[in-house]
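**Q** Sharing a structure, written as structure tokens. Questions coming.
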Amino acid sequence: MPELGKKRKGLVCFECGVQADHAHHVVPKVLGGTQTVNLCAPCHAKVHSPHLLRTSELTKAALQKRREQGLSTGGILPYGYTRKDGRISKNLKEQKIIKQMLKMRDEGMMPIQIANHFASLGVKNRYGNPMHSKGVQKIFKRYDKNEERSDS
């Protein structure tokens, strides 16, 4: 690892802004790289950490960061949510239907009965098909999971 010479002290880490310790080659020297970026020791270690450079780990970290920021990560959103300008928000019309479903469940109705009720009203699922008992069960599972999180 090339360390910064005395005359280059005072330079800051390209990534985090603290005092830089290393001149990291962007393209490895063995591949003809000549340009370097200044990095502190912790950031330089991250660059060379094999577990952080795996595509799957980087993808998981990026997706988690997007979720934490309330941004969409692609795919079809669950019933009750919508995507606008890359952000996920509640679909108020669908949230109202979910509340009605929960009330019906609390009154003792089975998912198949609830699905048939909403299908008869013309309510469609995410795929444009009439409501189905499996979809209603998924909605309940997601709601129960979210309720469990808010209780803790």
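In the structure tokens, the first chain shown is A, the next is B, and so on; residue numbers restart at 1 for each chain, and ligands run from 1 in the order shown.
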DSSP on the backbone: what in stretch 16-87 of chain A comes out strand (DSSP E or B), as a list in words?
**A**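 Matching residues for strand (DSSP E or B) in stretch 16-87 of chain A are Gln19, His22, Ala23, His24, His25, Thr36, Val37, Asn38, Leu39, Leu71, Tyr81, Thr82, Arg83, Lys84 and Arg87 of chain A.
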**Q** For A:Asn116, find every residue with an atom within 12 Å (counting only C-alpha atoms), except residues of its own chain fewer than 6 positions away, and show them as a list in words.
**A**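 Near A:Asn116, the qualifying residues are Met101, Met109, Met110, Gly122, Val123, Lys124, Pro130, Met131, His132, Ser133, Lys134, Gly135 and Val136 of chain A.
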**Q** Go ahead and dump the residues you just picked, C-alpha atoms, as a compact mmCIF listing (two decimals), in the first residue's frame.
**A**
```txt
# COMPACT_ATOMS: atom_id res chain seq x y z
CA MET A 101 -60.87 -6.29 5.31
CA MET A 109 -65.24 -13.65 8.38
CA MET A 110 -62.83 -16.03 6.65
CA GLY A 122 -64.95 -5.34 -8.69
CA VAL A 123 -61.87 -4.73 -6.50
CA LYS A 124 -58.73 -5.94 -8.29
CA PRO A 130 -60.28 -10.16 -8.78
CA MET A 131 -59.35 -10.43 -5.10
CA HIS A 132 -58.43 -13.97 -4.01
CA SER A 133 -58.23 -15.52 -0.55
CA LYS A 134 -54.44 -15.99 -0.82
CA GLY A 135 -54.02 -12.28 -1.51
CA VAL A 136 -56.21 -11.40 1.46
```
**Q** For the contact check between stretch 114-136 of chain A and stretch 55-77 of chain A, emit one row per residue of stretch 114-136 of chain A within 12 Å, containing the shortest atom pair and the distance in Å rounded to one decimal, counting only C-alpha atoms, chain then rising number order, as a Markdown table.
**A**
```
| residue | atom | partner | partner_atom | distance |
| --- | --- | --- | --- | --- |
| A:Asn125 | CA | A:Leu77 | CA | 11.0 |
| A:Arg126 | CA | A:Ile76 | CA | 7.6 |
| A:Tyr127 | CA | A:Ile76 | CA | 8.9 |
```
**Q** May I ask for the distance between atom CA of A:Gly108 and atom CA of A:Ile139, given in Å to one decimal place?
**A**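 Distance between the two atoms: 16.3 Å.
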**Q** Write down as JSON, numbers by chain the residues belonging to stretch 21-119 of chain A that are assigned alpha helix (DSSP H) by DSSP computed on the backbone.
**A** {"A": [41, 42, 43, 44, 45, 46, 47, 48, 55, 56, 57, 58, 59, 60, 61, 62, 63, 64, 65, 66, 67, 68, 92, 93, 94, 95, 96, 97, 98, 99, 100, 101, 102, 103, 104, 105, 106, 111, 112, 113, 114, 115, 116, 117, 118, 119]}
**Q** So that I can see what lies close to stretch 23-39 of chain A, please list as an MDAnalysis selection string the residues with an atom at most 9 Å from it, counting only C-alpha atoms and leaving out residues fewer than 2 positions away in the same chain.
**A** chainID A and resid 1:4 11:21 41:44 47
**Q** Rounded to one decimal place, report the atom CA of A:Asp85-atom CA of A:Ile97 distance in Å.
**A**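 Between these atoms lies a distance of 24.0 Å.
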